[in-house]
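Undergrad: So here's model.txt (compact mmCIF, C-alpha atoms and all ligand atoms).
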# COMPACT_ATOMS: atom_id res chain seq x y z
CA MET Q 919 172.03 -91.26 33.60
CA LEU Q 920 172.75 -89.45 30.28
CA ASP Q 921 172.08 -91.33 27.02
CA LEU Q 922 174.69 -91.22 24.31
CA ASP Q 923 173.15 -88.28 22.45
CA GLU Q 924 172.88 -86.19 25.61
CA TYR Q 925 176.44 -87.11 26.57
CA GLN Q 926 177.74 -86.10 23.08
CA ALA Q 927 175.80 -82.80 23.27
CA ALA Q 928 177.20 -81.97 26.77
CA LEU Q 929 180.72 -82.78 25.63
CA ALA Q 930 180.34 -80.57 22.55
CA ALA Q 931 179.01 -77.70 24.75
CA LEU Q 932 182.02 -78.08 27.08
CA ASP Q 933 184.46 -78.09 24.14
CA TRP Q 934 182.77 -74.97 22.84
CA GLN Q 935 183.19 -73.18 26.27
CA VAL Q 936 186.85 -74.22 26.54
CA GLU Q 937 187.39 -72.77 23.10
CA LEU Q 938 185.86 -69.50 24.33
CA GLY Q 939 188.46 -69.42 27.14
CA ALA Q 940 186.33 -70.66 30.07
CA ASP Q 941 189.02 -73.09 31.24
CA GLU Q 942 188.60 -72.61 35.03
CA ALA Q 943 185.97 -74.06 37.40
CA ILE Q 944 184.13 -71.27 39.31
CA LEU Q 945 181.45 -71.17 42.07
CA ASP Q 946 177.70 -70.61 41.68
CA ALA Q 947 177.81 -67.40 43.85
CA PRO Q 948 180.44 -64.58 43.56
CA VAL Q 949 183.11 -64.35 46.29
CA ASN Q 950 183.92 -60.98 47.99
CA ARG Q 951 187.71 -61.14 48.07
CA TYR Q 952 188.01 -58.04 50.36
CA GLU Q 953 185.92 -59.71 53.11
CA ALA Q 954 187.85 -62.92 52.76
CA ALA Q 955 191.15 -61.05 53.23
CA ALA Q 956 189.85 -59.28 56.37
CA GLU Q 957 188.66 -62.59 57.85
CA ALA Q 958 192.02 -64.16 57.17
CA ARG Q 959 193.81 -61.27 58.91
CA ALA Q 960 191.50 -61.57 61.98
CA ALA Q 961 192.11 -65.28 62.23
CA ALA Q 962 195.90 -64.93 61.92
CA PRO Q 963 197.83 -65.21 65.25
CA GLU Q 964 198.98 -61.89 66.85
CA PRO Q 965 202.49 -60.99 65.77
CA THR Q 966 204.78 -61.48 68.76
CA ALA Q 967 206.90 -58.52 69.91
CA PRO Q 968 210.60 -59.03 69.41
CA LEU Q 969 212.31 -60.02 72.64
CA PRO Q 970 214.11 -57.08 74.28
CA ARG Q 971 217.84 -57.27 74.07
CA PRO Q 972 219.43 -57.74 77.49
CA GLY Q 973 220.69 -54.32 78.68
CA PRO Q 974 223.17 -53.47 81.44
CA PRO Q 975 222.09 -54.60 84.95
CA PRO Q 976 219.87 -52.00 86.75
CA VAL Q 977 221.70 -49.54 89.00
CA PRO Q 978 220.14 -49.71 92.51
CA GLU Q 979 218.44 -46.47 93.67
CA PRO Q 980 220.55 -44.81 96.35
CA ASP Q 981 218.81 -45.09 99.71
CA HIS Q 982 218.78 -41.47 100.85
CA VAL Q 983 217.16 -42.23 104.19
CA ALA Q 984 219.86 -44.79 105.00
CA GLU Q 985 222.52 -42.24 104.03
CA ALA Q 986 220.91 -39.64 106.27
CA GLU Q 987 220.76 -42.16 109.12
CA ALA Q 988 224.45 -42.99 108.79
CA ALA Q 989 225.45 -39.31 108.63
CA ALA Q 990 223.29 -38.42 111.62
CA ARG Q 991 224.53 -41.37 113.70
CA ALA Q 992 228.13 -40.39 113.04
CA ALA Q 993 227.60 -36.92 114.55
CA SER Q 994 228.69 -36.85 118.20
CA SER Q 995 227.96 -33.19 118.93
CA LEU Q 996 225.53 -30.50 117.82
CA ASP Q 997 228.29 -28.78 115.83
CA GLY Q 998 229.09 -32.10 114.19
CA LEU Q 999 225.42 -32.60 113.38
CA ARG Q 1000 225.13 -29.14 111.85
CA ALA Q 1001 228.19 -29.89 109.70
CA ALA Q 1002 226.75 -33.28 108.68
CA MET Q 1003 223.50 -31.62 107.61
CA ALA Q 1004 225.36 -28.93 105.68
CA ALA Q 1005 227.26 -31.68 103.84
CA PHE Q 1006 224.15 -33.74 103.04
CA GLU Q 1007 223.45 -33.32 99.33
CA ARG Q 1008 220.43 -35.60 98.85
CA CYS Q 1009 217.64 -33.21 99.75
CA GLU Q 1010 216.69 -30.97 96.81
CA LEU Q 1011 215.44 -28.24 99.16
CA LYS Q 1012 219.05 -27.37 99.87
CA ARG Q 1013 219.54 -26.08 96.30
CA GLY Q 1014 216.82 -23.45 96.60
CA ALA Q 1015 217.71 -22.23 100.12
CA ARG Q 1016 220.01 -19.39 101.08
CA ASN Q 1017 220.92 -20.73 104.51
CA LEU Q 1018 220.82 -23.85 106.62
CA VAL Q 1019 218.53 -23.12 109.56
CA PHE Q 1020 219.74 -25.29 112.42
CA CYS Q 1021 218.67 -23.92 115.81
CA ASP Q 1022 218.23 -21.00 118.15
CA GLY Q 1023 218.14 -20.65 121.92
CA ASP Q 1024 219.97 -22.71 124.49
CA PRO Q 1025 220.69 -26.39 123.71
CA SER Q 1026 220.72 -27.15 127.43
CA ALA Q 1027 217.14 -25.85 127.91
CA ARG Q 1028 214.58 -28.25 129.37
CA VAL Q 1029 212.08 -27.45 126.62
CA MET Q 1030 212.82 -28.03 122.94
CA ILE Q 1031 210.37 -26.70 120.33
CA VAL Q 1032 210.27 -28.50 116.99
CA GLY Q 1033 208.76 -26.34 114.23
CA GLU Q 1034 208.14 -27.23 110.62
CA ALA Q 1035 210.40 -25.50 108.12
CA PRO Q 1036 212.01 -22.10 107.64
CA GLY Q 1037 210.09 -19.38 105.86
CA ARG Q 1038 211.51 -16.38 104.02
CA ASP Q 1039 212.83 -14.52 107.10
CA GLU Q 1040 214.35 -17.63 108.63
CA ASP Q 1041 216.02 -18.49 105.31
CA LEU Q 1042 217.53 -15.01 105.15
CA GLN Q 1043 218.76 -14.96 108.75
CA GLY Q 1044 219.63 -18.66 109.16
CA LYS Q 1045 217.60 -18.90 112.42
CA PRO Q 1046 214.26 -20.60 113.16
CA PHE Q 1047 211.12 -18.62 114.00
CA VAL Q 1048 212.30 -15.07 113.44
CA GLY Q 1049 209.41 -13.90 111.19
CA ARG Q 1050 205.91 -12.90 112.23
CA ALA Q 1051 204.97 -16.39 113.46
CA GLY Q 1052 208.24 -16.55 115.37
CA GLN Q 1053 207.58 -13.25 117.13
CA PHE Q 1054 204.19 -14.55 118.17
CA LEU Q 1055 205.80 -17.80 119.39
CA ASP Q 1056 208.15 -15.72 121.56
CA ARG Q 1057 205.17 -13.89 123.10
CA MET Q 1058 203.32 -17.16 123.73
CA PHE Q 1059 206.20 -18.75 125.62
CA ALA Q 1060 207.12 -15.52 127.43
CA ALA Q 1061 203.62 -15.71 128.93
CA ILE Q 1062 204.68 -18.86 130.82
CA GLY Q 1063 208.15 -17.53 131.59
CA LEU Q 1064 210.12 -19.28 128.83
CA SER Q 1065 212.42 -17.56 126.37
CA ARG Q 1066 215.13 -18.48 123.92
CA GLN Q 1067 217.27 -15.66 125.33
CA ASP Q 1068 217.38 -16.78 128.98
CA GLY Q 1069 218.36 -20.41 128.51
CA SER Q 1070 214.87 -21.89 128.97
CA LEU Q 1071 214.02 -22.67 125.32
CA TYR Q 1072 215.75 -24.44 122.48
CA ILE Q 1073 214.23 -24.29 118.98
CA THR Q 1074 214.68 -26.21 115.77
CA ASN Q 1075 212.64 -27.32 112.74
CA VAL Q 1076 211.98 -30.65 110.99
CA LEU Q 1077 213.57 -29.23 107.84
CA PRO Q 1078 216.64 -27.03 107.85
CA TRP Q 1079 215.97 -25.58 104.37
CA ARG Q 1080 213.11 -23.41 103.18
CA PRO Q 1081 210.78 -25.21 100.74
CA PRO Q 1082 210.13 -23.20 97.56
CA ARG Q 1083 207.21 -20.75 97.99
CA ASN Q 1084 206.78 -22.17 101.53
CA ARG Q 1085 205.04 -25.28 100.18
CA ASP Q 1086 204.51 -28.21 102.53
CA PRO Q 1087 207.48 -30.57 102.49
CA SER Q 1088 206.81 -33.94 100.85
CA ASP Q 1089 206.71 -37.19 102.84
CA GLU Q 1090 210.03 -38.15 101.18
CA GLU Q 1091 211.68 -34.92 102.31
CA ILE Q 1092 210.40 -35.42 105.85
CA ALA Q 1093 211.60 -39.04 105.88
CA MET Q 1094 215.01 -38.02 104.56
CA MET Q 1095 215.60 -35.32 107.16
CA ARG Q 1096 213.99 -37.15 110.09
CA PRO Q 1097 217.19 -39.00 111.13
CA PHE Q 1098 218.92 -35.63 111.60
CA LEU Q 1099 216.02 -34.36 113.71
CA HIS Q 1100 216.07 -37.49 115.88
CA ARG Q 1101 219.82 -37.14 116.41
CA HIS Q 1102 219.34 -33.43 117.17
CA ILE Q 1103 216.90 -34.31 119.94
CA GLU Q 1104 219.17 -37.05 121.31
CA LEU Q 1105 222.15 -34.70 121.44
CA ALA Q 1106 220.25 -31.75 122.98
CA ASP Q 1107 218.48 -34.16 125.35
CA PRO Q 1108 215.57 -31.94 126.48
CA ASP Q 1109 213.11 -32.97 129.20
CA PHE Q 1110 210.09 -31.92 127.11
CA LEU Q 1111 209.33 -31.60 123.43
CA VAL Q 1112 206.82 -29.18 121.95
CA VAL Q 1113 205.64 -30.55 118.62
CA MET Q 1114 204.55 -27.49 116.69
CA GLY Q 1115 202.20 -28.10 113.74
CA ASN Q 1116 201.34 -30.95 111.40
CA ILE Q 1117 204.74 -31.47 109.79
CA SER Q 1118 206.40 -31.88 113.18
CA ALA Q 1119 203.61 -34.22 114.31
CA MET Q 1120 204.27 -36.31 111.22
CA ALA Q 1121 208.03 -36.34 111.77
CA LEU Q 1122 207.94 -37.10 115.50
CA LEU Q 1123 204.63 -38.84 116.21
CA ASN Q 1124 203.97 -40.33 112.77
CA ARG Q 1125 200.53 -38.74 112.64
CA ARG Q 1126 198.79 -35.77 111.09
CA GLY Q 1127 195.73 -34.02 112.46
CA ILE Q 1128 197.22 -31.49 114.86
CA LEU Q 1129 193.82 -29.96 115.65
CA ARG Q 1130 192.70 -33.30 117.10
CA MET Q 1131 196.04 -34.10 118.75
CA ARG Q 1132 196.87 -30.73 120.31
CA GLY Q 1133 197.02 -30.55 124.05
CA ILE Q 1134 197.20 -34.35 124.45
CA TRP Q 1135 200.57 -35.34 125.86
CA SER Q 1136 202.30 -38.01 123.88
CA GLU Q 1137 205.82 -39.47 123.74
CA ALA Q 1138 208.57 -39.02 121.17
CA LEU Q 1139 212.02 -40.59 121.41
CA GLY Q 1140 211.30 -41.66 124.96
CA ARG Q 1141 210.38 -38.20 126.28
CA PRO Q 1142 207.11 -36.37 126.91
CA ALA Q 1143 205.90 -34.50 123.83
CA LEU Q 1144 203.13 -31.90 123.67
CA PRO Q 1145 201.54 -31.35 120.24
CA MET Q 1146 200.46 -27.74 119.71
CA THR Q 1147 198.94 -25.76 116.87
CA HIS Q 1148 201.47 -23.76 114.90
CA PRO Q 1149 201.74 -20.01 115.72
CA ALA Q 1150 201.15 -19.19 112.03
CA TYR Q 1151 197.80 -21.01 112.32
CA LEU Q 1152 196.98 -19.12 115.52
CA LEU Q 1153 197.65 -15.80 113.79
CA ARG Q 1154 195.05 -16.69 111.17
CA ASN Q 1155 192.57 -18.31 113.57
CA THR Q 1156 192.41 -16.20 116.68
CA ALA Q 1157 189.63 -18.36 118.15
CA ALA Q 1158 192.19 -21.18 118.50
CA LYS Q 1159 194.40 -19.10 120.80
CA ARG Q 1160 192.38 -20.09 123.86
CA ASP Q 1161 193.25 -23.77 123.35
CA ALA Q 1162 196.88 -22.86 122.75
CA TRP Q 1163 196.90 -20.98 126.06
CA ALA Q 1164 195.56 -24.09 127.79
CA ASP Q 1165 198.38 -26.10 126.19
CA LEU Q 1166 200.98 -23.63 127.41
CA LEU Q 1167 199.59 -23.87 130.94
CA SER Q 1168 199.77 -27.64 130.72
CA LEU Q 1169 203.46 -27.38 129.79
CA LYS Q 1170 204.10 -24.94 132.64
CA ALA Q 1171 202.42 -27.31 135.08
CA ARG Q 1172 204.73 -30.15 133.99
CA LEU Q 1173 207.80 -27.99 134.37
N1 LIG K 1 207.52 -21.81 110.79
C1 LIG K 1 208.19 -22.84 111.26
O1 LIG K 1 207.64 -23.90 111.46
N2 LIG K 1 209.48 -22.70 111.51
C2 LIG K 1 210.13 -21.56 111.30
O2 LIG K 1 211.32 -21.50 111.55
C3 LIG K 1 209.40 -20.47 110.82
C4 LIG K 1 208.08 -20.61 110.55
Let me see the structure of the file written as structure tokens.

TA:
Amino acid sequence: MLDLDEYQAALAALDWQVELGADEAILDAPVNRYEAAAEARAAAPEPTAPLPRPGPPPVPEPDHVAEAEAAARAASSLDGLRAAMAAFERCELKRGARNLVFCDGDPSARVMIVGEAPGRDEDLQGKPFVGRAGQFLDRMFAAIGLSRQDGSLYITNVLPWRPPRNRDPSDEEIAMMRPFLHRHIELADPDFLVVMGNISAMALLNRRGILRMRGIWSEALGRPALPMTHPAYLLRNTAAKRDAWADLLSLKARL
């Protein structure tokens, strides 16, 4: 408790400070205003993003596979199917190709070979398997008495257009063109299918790994199907020719 003298002295000291301009109460320790501002910003709630304005309703992606299925189903002959494929605009490969490669050989043959896709020579001539691999394919099948010239072989590919720089077709491209291939097989109605290479195995048997599958009879579209290594592979890997010969003999035995 202050006595009167002390009280008067304290009051006089306060008056004196007010007169000097110290008219605001301050703290014992200094405050860092920069830190305080940063803490306040950190504690503030996140600004919320403005709500997007409603745009036009999304346009559904066209279903290219469904379109291909409808076009293929509508074809009632091989000529009709070729025309339907020529009119199909959804596969980008068409833009880079010179020709549609549809088939060669005799559509009434008992054996139908399904290759992968045209290369440069096939693109130029509009026929499957006419380049180096094709000439080797002809020699392979001639060895068991089959030829595209004498009515005993019919040949097509999974893709009718050459992929740029002979790259492997994508899964989307295979899926898009598969309905046409299935219809092609239905219309030609062969007794046996030869599934040549990985792309054909994917399109017809839904599997890759031709080196494991080759020579093992399977079934595609309700008919016997023989997976074989592609002649282009055999040209590069001569040691694999022996297995291919065994596969050809297996086909001959079935015929
Ligand atoms: N390879 C294929 O798979 N098909 C052809 O037509 C030519 C080369």

Undergrad: Around ligand LIG 1 (chain K), out to 10 Å and counting all atoms listed in the file, which residues are there? I want them as a ChimeraX atom specification.

TA: /Q:1019-1022,1031-1041,1044-1053,1055,1073-1080,1084,1113-1118,1148-1151

Undergrad: Using all atoms listed in the file, find the one residue out of Q:Met1030, Q:Pro974, Q:Pro1142, Q:His1102 that sits nearest to Ser994 of chain Q.

TA: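 Under the stated criterion, the closest residue is Q:His1102.
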
Undergrad: Would you mind reading off the distance between atom CA of Ala1119 of chain Q and atom CA of Phe1006 of chain Q, one decimal, in Å?

TA: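 Result for atom CA of Ala1119 of chain Q versus atom CA of Phe1006 of chain Q: 23.4 Å, one decimal.
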
Undergrad: Using all atoms listed in the file, pick whichever of Q:Lys1012, Q:Leu1153, Q:Asp1107, Q:Gly1133 has the shortest atom-to-atom distance to Ser1168 of chain Q.

TA: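 For Ser1168 of chain Q, the nearest of the given residues is Q:Gly1133.
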
Undergrad: Record the distance separating atom CA of Gly1127 of chain Q and atom CA of Ala1162 of chain Q, expressed in Å with one decimal.

TA: 15.2 Å

Undergrad: Name the closest residue to Pro1081 of chain Q among the candidates Q:Arg1160, Q:Arg951, Q:Arg1000, Q:Arg1013; distances are taken between atoms, counting all atoms listed in the file.

TA: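 Once distances to Pro1081 of chain Q are computed over all atoms listed in the file, the minimum belongs to Q:Arg1013.
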
Undergrad: Between atom CA of Leu1018 of chain Q and atom CA of His982 of chain Q, what distance in Å does the model show, to one decimal?

TA: 18.7 Å

Undergrad: Point out the residue among Q:Asp933, Q:Phe1098, Q:Ala1164, Q:Ala954 with the least atom-to-atom distance to Ala1001 of chain Q, counting only C-alpha atoms.

TA: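 Nearest candidate to Ala1001 of chain Q out of Q:Asp933, Q:Phe1098, Q:Ala1164, Q:Ala954: Q:Phe1098.
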
Undergrad: I want to know what sits within 10 Å of Asp1161 of chain Q, based on all atoms listed in the file, with residues of the same chain fewer than 4 positions away left out; could you give that as a PyMOL selection string?

TA: chain Q and resi 1129+1132-1133+1146-1147+1152+1157+1165-1167

Undergrad: With all atoms listed in the file as the atoms that count, which of Q:Ala928, Q:Leu1099, Q:Lys1159, Q:Leu1122 lies nearest to Phe1054 of chain Q?

TA: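 Result for the nearest residue to Phe1054 of chain Q: Q:Lys1159.
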
Undergrad: Enclose the full set of atoms of segment 1076-1093 of chain Q listed in the file within a box whose edges lie along x, y and z, apply 8 Å of padding to each of the six sides, and report centre and edge lengths in Å to one decimal as AutoDock Vina command-line options.

TA:
--center_x 210.6 --center_y -29.9 --center_z 104.3 --size_x 28.1 --size_y 34.3 --size_z 29.4

Undergrad: Using all atoms listed in the file, which residues sit within 7 Å of Gly1023 of chain Q once same-chain residues fewer than 4 positions away are excluded, as a list in words?

TA: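 Those residues are Arg1066, Gln1067, Gly1069, Leu1071, Tyr1072 and Ile1073 of chain Q.
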
Undergrad: My list of candidates is Q:Met1120, Q:Leu1169, Q:Gly973, Q:Leu1139. Which is closest to Glu1091 of chain Q when distances are computed with all atoms listed in the file?

TA: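 Among the listed residues, the smallest separation from Glu1091 of chain Q belongs to Q:Met1120.
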